[in-house]
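Participant: This is model.cif (mmCIF, C-alpha atoms and all ligand atoms).
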data_target
#
loop_
_atom_site.label_atom_id
_atom_site.label_comp_id
_atom_site.auth_asym_id
_atom_site.auth_seq_id
_atom_site.Cartn_x
_atom_site.Cartn_y
_atom_site.Cartn_z
CA MET A 1 -23.97 -7.47 12.22
CA GLU A 2 -22.36 -9.84 14.66
CA ILE A 3 -18.93 -11.26 13.86
CA LYS A 4 -18.94 -15.00 14.52
CA VAL A 5 -15.61 -16.41 15.67
CA ILE A 6 -14.47 -19.96 15.03
CA ALA A 7 -11.07 -20.25 16.69
CA ALA A 8 -8.42 -22.54 15.25
CA ARG A 9 -7.97 -25.82 17.12
CA PRO A 10 -4.55 -26.25 18.77
CA GLU A 11 -3.42 -28.64 16.00
CA GLN A 12 -4.31 -26.00 13.36
CA LEU A 13 -2.02 -23.36 14.89
CA LYS A 14 1.09 -22.60 12.89
CA PRO A 15 4.56 -22.10 14.37
CA LYS A 16 5.40 -18.41 14.71
CA PRO A 17 8.56 -17.16 12.99
CA ALA A 18 11.55 -17.74 15.24
CA ASP A 19 13.67 -14.87 13.89
CA GLU A 20 12.03 -11.45 13.61
CA GLY A 21 15.14 -10.15 11.88
CA ASN A 22 14.39 -12.33 8.89
CA LEU A 23 10.69 -11.86 8.26
CA GLY A 24 10.90 -10.52 4.73
CA PHE A 25 7.60 -9.37 3.24
CA GLY A 26 4.47 -11.21 2.26
CA ASP A 27 5.33 -14.83 2.92
CA ILE A 28 3.85 -15.49 6.34
CA VAL A 29 0.16 -15.47 7.29
CA THR A 30 -1.36 -15.88 10.73
CA ASP A 31 -3.79 -18.47 12.10
CA HIS A 32 -7.07 -16.69 11.32
CA MET A 33 -8.83 -14.66 8.64
CA PHE A 34 -11.92 -12.47 8.46
CA LEU A 35 -14.56 -13.11 5.80
CA MET A 36 -17.99 -11.87 4.79
CA ASP A 37 -20.24 -12.30 1.78
CA TRP A 38 -22.37 -9.95 -0.32
CA GLU A 39 -25.31 -10.69 -2.54
CA LYS A 40 -27.40 -8.32 -4.60
CA GLY A 41 -30.59 -7.46 -2.72
CA LYS A 42 -29.17 -8.76 0.56
CA GLY A 43 -26.03 -6.71 1.15
CA TRP A 44 -23.16 -7.91 3.37
CA PHE A 45 -23.83 -10.94 5.56
CA ASN A 46 -22.16 -13.84 7.38
CA ALA A 47 -19.25 -11.89 8.87
CA ARG A 48 -16.91 -14.33 10.52
CA ILE A 49 -13.41 -15.00 11.75
CA GLU A 50 -12.24 -18.50 10.91
CA PRO A 51 -9.00 -20.46 10.90
CA TYR A 52 -6.95 -19.39 7.86
CA HIS A 53 -7.94 -21.61 4.96
CA ALA A 54 -7.91 -21.94 1.18
CA LEU A 55 -10.95 -20.57 -0.64
CA ALA A 56 -13.23 -22.71 -2.75
CA ILE A 57 -13.89 -20.58 -5.82
CA ASP A 58 -16.10 -21.56 -8.73
CA PRO A 59 -13.99 -21.67 -11.92
CA ALA A 60 -16.60 -19.33 -13.45
CA ALA A 61 -16.24 -16.79 -10.60
CA MET A 62 -16.31 -13.43 -12.36
CA ALA A 63 -13.17 -12.06 -10.63
CA LEU A 64 -11.15 -14.75 -12.41
CA HIS A 65 -12.38 -13.66 -15.84
CA TYR A 66 -13.20 -9.97 -15.72
CA GLY A 67 -10.93 -8.73 -12.95
CA GLN A 68 -13.33 -7.38 -10.36
CA GLU A 69 -10.81 -7.53 -7.53
CA ILE A 70 -9.71 -4.77 -5.21
CA PHE A 71 -7.46 -4.76 -2.17
CA GLU A 72 -5.78 -2.63 0.46
CA GLY A 73 -2.50 -2.67 2.33
CA LEU A 74 -2.09 -1.29 5.85
CA LYS A 75 -0.21 -2.15 9.00
CA ALA A 76 -0.46 -2.59 12.76
CA TYR A 77 2.58 -1.73 14.88
CA ARG A 78 3.66 -2.90 18.32
CA GLY A 79 5.04 -0.29 20.68
CA LYS A 80 7.87 -0.89 23.15
CA ASP A 81 5.35 -1.42 25.97
CA GLY A 82 3.52 -4.12 23.99
CA SER A 83 0.62 -1.89 22.86
CA ILE A 84 -0.71 -2.45 19.33
CA TYR A 85 -1.54 0.51 17.07
CA LEU A 86 -3.26 0.99 13.74
CA PHE A 87 -2.11 3.87 11.50
CA ARG A 88 -4.82 5.75 9.56
CA ALA A 89 -6.72 2.51 8.92
CA GLY A 90 -9.97 4.34 8.18
CA GLU A 91 -8.25 6.05 5.22
CA ASN A 92 -7.51 2.68 3.66
CA TYR A 93 -11.16 1.67 3.84
CA VAL A 94 -12.23 5.03 2.42
CA ARG A 95 -9.87 4.35 -0.49
CA MET A 96 -11.20 0.80 -0.80
CA ASN A 97 -14.71 2.19 -1.17
CA ARG A 98 -13.48 4.50 -3.94
CA SER A 99 -11.87 1.51 -5.65
CA ALA A 100 -15.15 -0.41 -5.21
CA ALA A 101 -17.17 2.39 -6.82
CA ARG A 102 -14.76 2.51 -9.80
CA LEU A 103 -14.98 -1.27 -10.34
CA CYS A 104 -18.79 -1.44 -9.84
CA MET A 105 -18.35 -3.41 -6.60
CA PRO A 106 -20.29 -3.01 -3.34
CA GLU A 107 -19.18 -0.49 -0.71
CA LEU A 108 -18.15 -1.43 2.79
CA ASP A 109 -19.44 -0.08 6.08
CA ILE A 110 -16.15 1.46 7.20
CA ASP A 111 -16.83 1.27 10.96
CA PHE A 112 -17.79 -2.36 10.61
CA VAL A 113 -14.72 -3.44 8.66
CA LEU A 114 -12.52 -1.50 11.08
CA GLU A 115 -14.13 -3.47 13.89
CA GLY A 116 -13.52 -6.70 11.94
CA THR A 117 -9.89 -5.70 11.36
CA LYS A 118 -9.32 -5.05 15.07
CA LYS A 119 -11.06 -8.25 16.12
CA LEU A 120 -8.92 -10.29 13.73
CA ILE A 121 -5.70 -8.66 14.95
CA LEU A 122 -6.67 -9.30 18.56
CA GLN A 123 -7.48 -12.92 17.75
CA ASP A 124 -3.91 -13.28 16.39
CA ARG A 125 -2.28 -10.67 18.65
CA GLU A 126 0.67 -12.92 19.47
CA TRP A 127 1.62 -12.70 15.78
CA VAL A 128 2.24 -8.93 15.90
CA PRO A 129 6.05 -8.80 15.90
CA ARG A 130 7.95 -6.90 18.55
CA SER A 131 11.10 -5.49 16.98
CA ARG A 132 11.38 -1.98 15.53
CA GLY A 133 11.14 -2.18 11.73
CA THR A 134 8.69 -5.07 11.85
CA SER A 135 4.91 -4.85 11.78
CA LEU A 136 1.74 -6.77 11.02
CA TYR A 137 0.71 -6.31 7.40
CA ILE A 138 -3.06 -6.28 6.80
CA ARG A 139 -4.49 -7.21 3.42
CA PRO A 140 -8.26 -6.58 2.99
CA THR A 141 -9.46 -7.94 -0.34
CA MET A 142 -12.76 -8.05 -2.24
CA LEU A 143 -13.54 -10.16 -5.27
CA ALA A 144 -16.46 -11.12 -7.48
CA THR A 145 -17.50 -14.70 -6.73
CA GLU A 146 -20.67 -15.04 -8.77
CA PRO A 147 -20.20 -17.81 -11.34
CA HIS A 148 -21.10 -16.29 -14.69
CA LEU A 149 -19.39 -15.97 -18.06
CA GLY A 150 -20.34 -12.68 -19.67
CA VAL A 151 -19.13 -9.16 -18.95
CA ARG A 152 -21.19 -7.21 -16.40
CA PRO A 153 -20.79 -6.38 -12.70
CA ALA A 154 -21.18 -9.52 -10.57
CA ASN A 155 -24.09 -10.05 -8.20
CA GLY A 156 -22.03 -11.80 -5.53
CA TYR A 157 -18.78 -10.89 -3.73
CA LEU A 158 -16.47 -12.08 -1.00
CA PHE A 159 -14.58 -9.72 1.28
CA PHE A 160 -11.74 -11.10 3.36
CA ILE A 161 -8.84 -9.88 5.47
CA ILE A 162 -5.62 -11.81 5.91
CA ILE A 163 -2.72 -10.62 8.07
CA GLY A 164 0.91 -11.53 8.54
CA PRO A 165 4.12 -10.33 10.24
CA VAL A 166 6.52 -8.46 7.93
CA GLY A 167 9.96 -6.88 7.96
CA ALA A 168 11.56 -4.72 5.27
CA TYR A 169 9.83 -4.59 1.86
CA TYR A 170 12.99 -3.86 -0.10
CA LYS A 171 16.15 -5.82 0.47
CA GLU A 172 17.88 -2.41 0.43
CA GLY A 173 16.02 -1.42 3.65
CA LEU A 174 16.67 2.29 4.05
CA ASN A 175 19.51 2.27 1.54
CA PRO A 176 18.72 4.25 -1.60
CA VAL A 177 17.16 2.35 -4.52
CA LYS A 178 17.84 2.71 -8.24
CA ILE A 179 14.89 3.50 -10.47
CA HIS A 180 14.46 3.25 -14.20
CA VAL A 181 12.32 5.86 -15.95
CA GLU A 182 9.90 3.90 -18.15
CA ASP A 183 9.12 5.63 -21.43
CA ARG A 184 7.78 2.66 -23.39
CA TYR A 185 5.19 0.86 -21.29
CA VAL A 186 2.51 2.69 -19.30
CA ARG A 187 0.77 1.68 -16.09
CA ALA A 188 -2.48 3.64 -16.20
CA ALA A 189 -4.13 6.45 -18.10
CA VAL A 190 -6.30 9.28 -16.81
CA GLY A 191 -9.88 8.02 -17.01
CA GLY A 192 -8.74 4.43 -16.44
CA THR A 193 -8.38 2.58 -13.14
CA GLY A 194 -4.97 3.88 -12.01
CA GLU A 195 -6.33 5.53 -8.88
CA ALA A 196 -8.11 2.34 -7.79
CA LYS A 197 -6.20 -0.34 -5.93
CA THR A 198 -7.16 -3.15 -8.26
CA ALA A 199 -5.17 -6.20 -9.34
CA GLY A 200 -5.17 -5.28 -13.05
CA ASN A 201 -2.98 -2.22 -12.45
CA TYR A 202 -0.30 -4.41 -10.94
CA ALA A 203 -0.58 -7.01 -13.69
CA ALA A 204 -0.10 -4.18 -16.21
CA SER A 205 3.08 -3.11 -14.41
CA LEU A 206 4.86 -6.46 -14.26
CA LEU A 207 6.58 -6.64 -17.64
CA ALA A 208 8.25 -3.25 -17.34
CA ALA A 209 9.25 -4.02 -13.74
CA GLU A 210 10.74 -7.39 -14.71
CA GLU A 211 12.74 -5.87 -17.56
CA ALA A 212 14.01 -3.15 -15.23
CA LYS A 213 14.90 -5.68 -12.52
CA LYS A 214 17.01 -7.66 -14.99
CA LYS A 215 19.03 -4.50 -15.54
CA GLY A 216 19.56 -4.06 -11.79
CA PHE A 217 16.80 -1.54 -10.96
CA THR A 218 14.51 -1.86 -7.97
CA GLN A 219 11.48 -0.18 -9.50
CA VAL A 220 10.29 1.73 -12.54
CA LEU A 221 9.22 5.36 -12.50
CA TRP A 222 6.09 5.71 -14.60
CA LEU A 223 5.43 8.62 -16.91
CA ASP A 224 1.93 9.77 -17.81
CA ALA A 225 0.30 7.61 -20.48
CA ALA A 226 -0.84 10.43 -22.78
CA HIS A 227 2.51 12.23 -23.28
CA ARG A 228 5.16 9.97 -21.67
CA LYS A 229 6.33 13.24 -20.20
CA TYR A 230 5.14 13.84 -16.64
CA VAL A 231 6.47 11.91 -13.68
CA GLU A 232 3.76 9.85 -11.95
CA GLU A 233 4.67 7.19 -9.37
CA VAL A 234 6.89 4.13 -8.98
CA GLY A 235 5.83 0.46 -8.59
CA THR A 236 4.18 0.61 -5.18
CA MET A 237 5.07 4.10 -4.05
CA ASN A 238 4.24 7.73 -4.69
CA MET A 239 7.22 9.93 -5.51
CA PHE A 240 8.54 13.14 -3.98
CA PHE A 241 11.36 15.38 -5.20
CA VAL A 242 13.14 18.25 -3.47
CA ILE A 243 14.14 20.88 -6.03
CA ASP A 244 15.26 24.42 -5.15
CA GLY A 245 13.93 24.02 -1.63
CA GLU A 246 10.47 23.01 -2.86
CA VAL A 247 9.01 19.58 -2.11
CA ILE A 248 7.15 18.37 -5.20
CA THR A 249 4.82 15.44 -5.79
CA ALA A 250 2.54 14.57 -8.69
CA PRO A 251 -1.08 15.77 -8.36
CA LEU A 252 -3.93 13.25 -8.07
CA THR A 253 -5.24 13.48 -11.60
CA GLY A 254 -6.73 9.98 -11.72
CA SER A 255 -3.88 7.77 -12.94
CA ILE A 256 -1.91 7.38 -9.70
CA LEU A 257 -2.84 5.80 -6.40
CA PRO A 258 -3.69 8.37 -3.70
CA GLY A 259 -1.27 7.00 -1.12
CA VAL A 260 -2.01 7.30 2.58
CA THR A 261 1.72 7.80 3.19
CA ARG A 262 1.75 10.45 0.42
CA ASP A 263 -0.97 12.33 2.27
CA SER A 264 0.87 11.96 5.60
CA VAL A 265 4.09 13.32 4.08
CA ILE A 266 2.27 16.28 2.52
CA GLN A 267 0.68 17.14 5.88
CA ILE A 268 3.96 16.82 7.79
CA VAL A 269 5.98 18.84 5.26
CA LYS A 270 3.38 21.63 5.45
CA HIS A 271 3.28 21.37 9.27
CA TRP A 272 7.07 21.87 9.29
CA GLY A 273 6.62 25.06 7.29
CA LEU A 274 8.37 23.81 4.15
CA LYS A 275 7.16 24.59 0.65
CA MET A 276 4.99 21.67 -0.50
CA THR A 277 3.59 21.64 -4.04
CA GLU A 278 1.42 19.09 -5.84
CA LYS A 279 2.21 19.70 -9.49
CA SER A 280 3.09 17.91 -12.70
CA LEU A 281 6.82 17.61 -13.15
CA ALA A 282 8.16 16.94 -16.66
CA ILE A 283 10.88 14.30 -16.82
CA GLU A 284 13.15 16.76 -18.70
CA ASP A 285 12.82 19.21 -15.82
CA LEU A 286 13.59 16.49 -13.28
CA ILE A 287 16.64 15.38 -15.24
CA GLY A 288 17.71 19.00 -15.73
CA ALA A 289 17.48 19.55 -11.97
CA ALA A 290 19.47 16.38 -11.35
CA GLU A 291 22.18 17.43 -13.82
CA SER A 292 22.52 20.91 -12.38
CA GLY A 293 22.59 19.65 -8.79
CA ARG A 294 19.28 21.36 -7.92
CA LEU A 295 17.58 18.03 -7.24
CA LYS A 296 18.54 17.55 -3.62
CA GLU A 297 16.45 14.50 -2.77
CA ALA A 298 14.10 11.98 -4.35
CA PHE A 299 12.12 9.49 -2.32
CA GLY A 300 9.17 7.14 -2.61
CA THR A 301 6.39 6.85 -0.02
CA GLY A 302 4.24 3.84 0.75
CA THR A 303 2.93 1.70 3.59
CA ALA A 304 5.42 -1.09 2.89
CA ALA A 305 8.66 0.90 3.15
CA VAL A 306 7.31 4.23 4.60
CA ILE A 307 10.09 6.30 2.96
CA SER A 308 12.39 4.82 0.37
CA PRO A 309 15.21 7.10 -0.75
CA VAL A 310 16.13 7.08 -4.43
CA GLY A 311 19.87 7.23 -5.06
CA GLN A 312 19.87 6.88 -8.82
CA ILE A 313 17.46 7.75 -11.63
CA THR A 314 18.19 6.26 -15.04
CA PHE A 315 16.58 7.82 -18.10
CA ARG A 316 17.23 6.61 -21.65
CA GLY A 317 20.34 4.75 -20.58
CA LYS A 318 21.88 7.66 -18.65
CA ASP A 319 22.37 7.46 -14.87
CA PHE A 320 21.75 10.42 -12.61
CA ILE A 321 22.94 10.15 -9.02
CA VAL A 322 20.69 11.83 -6.44
CA ALA A 323 21.92 13.18 -3.09
CA GLY A 324 25.30 11.51 -3.62
CA GLY A 325 23.51 8.15 -3.62
CA LYS A 326 22.72 8.58 0.10
CA MET A 327 19.52 9.09 2.08
CA GLY A 328 18.73 12.82 2.16
CA ASP A 329 18.06 14.83 5.32
CA LEU A 330 14.37 15.41 4.66
CA SER A 331 13.83 11.74 3.74
CA GLN A 332 15.48 10.69 7.01
CA ARG A 333 13.56 13.24 9.07
CA LEU A 334 10.23 12.21 7.53
CA TYR A 335 11.00 8.53 8.08
CA ASN A 336 11.89 9.14 11.73
CA GLU A 337 8.76 11.22 12.32
CA ILE A 338 6.27 8.83 10.71
CA VAL A 339 7.78 5.70 12.22
CA ALA A 340 7.89 7.26 15.70
CA ILE A 341 4.18 8.07 15.40
CA GLN A 342 3.37 4.57 14.11
CA TYR A 343 5.17 2.82 17.00
CA GLY A 344 3.67 5.10 19.63
CA GLU A 345 7.05 6.63 20.48
CA LYS A 346 6.05 10.25 20.11
CA GLU A 347 3.06 12.51 20.24
CA ASP A 348 0.64 12.24 17.34
CA PRO A 349 -0.53 15.79 16.59
CA TYR A 350 -2.39 14.57 13.51
CA GLY A 351 -4.60 11.98 15.23
CA TRP A 352 -3.42 9.19 12.93
CA ARG A 353 -2.65 6.51 15.50
CA ALA A 354 -5.33 4.31 17.09
CA LYS A 355 -4.42 2.08 20.01
CA ILE A 356 -6.24 -1.22 19.78
CA ALA A 357 -4.52 -3.13 22.57
C1 LIG A 401 0.71 1.92 -7.08
C2 LIG A 401 0.92 2.39 -5.69
N1 LIG A 401 1.21 3.69 -5.48
C3 LIG A 401 1.38 4.18 -4.25
C4 LIG A 401 1.30 3.37 -3.13
C5 LIG A 401 1.47 3.94 -1.76
O1 LIG A 401 0.24 4.00 -1.07
P1 LIG A 401 0.16 3.96 0.51
O2 LIG A 401 1.00 5.08 1.00
O3 LIG A 401 -1.28 4.13 0.83
O4 LIG A 401 0.68 2.63 0.92
C6 LIG A 401 1.02 2.01 -3.30
C7 LIG A 401 0.96 1.11 -2.14
O5 LIG A 401 -0.08 0.71 -1.73
C8 LIG A 401 0.82 1.50 -4.60
O6 LIG A 401 0.55 0.21 -4.80
#
As structure tokens, what does this structure read like?
Facilitator:
Amino acid sequence: MEIKVIAARPEQLKPKPADEGNLGFGDIVTDHMFLMDWEKGKGWFNARIEPYHALAIDPAAMALHYGQEIFEGLKAYRGKDGSIYLFRAGENYVRMNRSAARLCMPELDIDFVLEGTKKLILQDREWVPRSRGTSLYIRPTMLATEPHLGVRPANGYLFFIIIGPVGAYYKEGLNPVKIHVEDRYVRAAVGGTGEAKTAGNYAASLLAAEEAKKKGFTQVLWLDAAHRKYVEEVGTMNMFFVIDGEVITAPLTGSILPGVTRDSVIQIVKHWGLKMTEKSLAIEDLIGAAESGRLKEAFGTGTAAVISPVGQITFRGKDFIVAGGKMGDLSQRLYNEIVAIQYGEKEDPYGWRAKIA
């Protein structure tokens, strides 16, 4: 399929952010977007890059009523020499296809959407920020557009990609965050949609996150829905713990998102010859390890922040300080390694980086 390009007219171009040190996250979008449509019996068609614009959606569009909406989050990075790199972008589209299958939505041709992603970035290449710590966030999204009231999979969908320059996701930056262990609300149950990147999971997480924020926490740490016992993930990150020299993360049992950064960390930790285990960790055991000083580090992993050290875990009103409230050595080493690969500053033995310009 050909990708038609309608470039924005000069008067449609937006001013680019003047201060890259102040980008924040998620507020700025570029001049163009990628779109394509899907209809039952026809497949994907009308792939195009157009000036960024609002969507006209029928009020009966099924995504608005029954939640068939999936998305992805990935980034492009600019190296010191001006090159632009994508990091494991294919993995995000593989995950998007798994989300699509779970929500009865159509699958994407991964090579084609990768081509669309690159073409869109190149169209708006001047928007890819230049300073270390900044990047271009990429948000592919698919939603059911067929107007119909009645629960069944829709027969029509829109796929689009929007992009925008971003800085740090958390105001803390690399400073350790405080997390609240949530033992009342749950995010997702095994057999549900927790492993799909779909809007409903995030809607389900908001109330607990808001209540935690009011008490001064950055995120909540979810426990498994069935027992409220095993540690799962935090708001938008997978979690890792270093206990007795072993690096531990929750296994992919269906209720947590299989993070691309999670997978990168697992591979790197193994490559470095450290003990890496995917296993269920009971909250009592985590707290016990924190109390006895055996919990050396806790950190979250995700595209937005890469590595986010956890300095405090609060469970049932009791605070446990991790790694003296500072970023741990492994967290720092992993951050340095991944970021250096992303910005093209060091060799990439894993083949994760793709230069697109
Ligand atoms: C619920 C959830 N868990 C984990 C992650 C981390 O995934 P990734 O490393 O692919 O960004 C994210 C971020 O996308 C997320 O939303």
Participant: Looking at only C-alpha atoms and all ligand atoms, which of A:Glu50, A:Asp27, A:Glu284, A:Glu72 is the one that sits closest to ligand LIG 401 (chain A)?
Facilitator: A:Glu72
Participant: Return as a list in words the residues of protein, DNA or RNA that approach ligand LIG 401 (chain A) to within 6 Å, with only C-alpha atoms and all ligand atoms taken into account.
Facilitator: Gly73, Gly235, Thr236, Met237, Asn238, Leu257, Gly259, Val260, Thr261, Arg262, Thr301, Gly302 and Thr303 of chain A
Participant: Any idea what the distance is between atom CA of Ala357 of chain A and atom CA of Ile49 of chain A?
Facilitator: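 These atoms are spaced 18.4 Å apart.
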Participant: Under the rule that all atoms listed in the file are counted, which of A:Val151, A:Ile248, A:Val269, A:Val231 is the nearest residue to Lys296 of chain A?
Facilitator: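 Among A:Val151, A:Ile248, A:Val269, A:Val231, it is A:Ile248 that comes nearest to Lys296 of chain A.
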Participant: Determine the nearest neighbour of Ala60 of chain A from the options A:Ile321, A:Ile84, A:Leu149, A:Ala8, counting all atoms listed in the file.
Facilitator: A:Leu149
Participant: Within 10 Å of Gly351 of chain A, counting only C-alpha atoms, which residues show up once you throw out same-chain ones fewer than 6 positions away? Write them as a PyMOL selection string, please.
Facilitator: chain A and resi 87-88+341
Participant: Can you patch up segment 105-117 of chain A, filling it in to N, CA, C and O atoms, and show the result as a short mmCIF file (atom, residue, chain, number, x, y, z; two decimals), in the frame of the given file?
Facilitator:
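Wrote result25.cif, looks like this:
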data_model
loop_
_atom_site.label_atom_id
_atom_site.label_comp_id
_atom_site.auth_asym_id
_atom_site.auth_seq_id
_atom_site.Cartn_x
_atom_site.Cartn_y
_atom_site.Cartn_z
N MET A 105 -18.28 -2.41 -7.68
CA MET A 105 -18.35 -3.41 -6.60
C MET A 105 -19.04 -2.78 -5.39
O MET A 105 -19.13 -1.56 -5.30
N PRO A 106 -19.53 -3.59 -4.46
CA PRO A 106 -20.29 -3.01 -3.34
C PRO A 106 -19.40 -2.28 -2.33
O PRO A 106 -18.25 -2.67 -2.12
N GLU A 107 -19.95 -1.24 -1.71
CA GLU A 107 -19.18 -0.49 -0.71
C GLU A 107 -19.23 -1.19 0.64
O GLU A 107 -20.15 -1.96 0.92
N LEU A 108 -18.24 -0.86 1.45
CA LEU A 108 -18.15 -1.43 2.79
C LEU A 108 -18.65 -0.43 3.81
O LEU A 108 -18.56 0.78 3.61
N ASP A 109 -19.15 -0.93 4.93
CA ASP A 109 -19.44 -0.08 6.08
C ASP A 109 -18.10 0.07 6.81
O ASP A 109 -17.58 -0.89 7.39
N ILE A 110 -17.53 1.27 6.73
CA ILE A 110 -16.15 1.46 7.20
C ILE A 110 -16.00 1.12 8.69
O ILE A 110 -15.06 0.43 9.08
N ASP A 111 -16.95 1.57 9.52
CA ASP A 111 -16.83 1.27 10.96
C ASP A 111 -16.85 -0.23 11.19
O ASP A 111 -16.13 -0.76 12.04
N PHE A 112 -17.68 -0.91 10.42
CA PHE A 112 -17.79 -2.36 10.61
C PHE A 112 -16.52 -3.09 10.21
O PHE A 112 -16.02 -3.97 10.93
N VAL A 113 -15.95 -2.73 9.06
CA VAL A 113 -14.72 -3.44 8.66
C VAL A 113 -13.53 -3.06 9.55
O VAL A 113 -12.63 -3.88 9.77
N LEU A 114 -13.57 -1.85 10.11
CA LEU A 114 -12.52 -1.50 11.08
C LEU A 114 -12.64 -2.38 12.31
O LEU A 114 -11.65 -2.87 12.86
N GLU A 115 -13.90 -2.60 12.74
CA GLU A 115 -14.13 -3.47 13.89
C GLU A 115 -13.65 -4.90 13.57
O GLU A 115 -12.98 -5.55 14.39
N GLY A 116 -13.96 -5.36 12.37
CA GLY A 116 -13.52 -6.70 11.94
C GLY A 116 -11.99 -6.80 11.91
O GLY A 116 -11.41 -7.81 12.32
N THR A 117 -11.36 -5.73 11.43
CA THR A 117 -9.89 -5.70 11.36
C THR A 117 -9.29 -5.83 12.76
O THR A 117 -8.39 -6.62 13.00
#
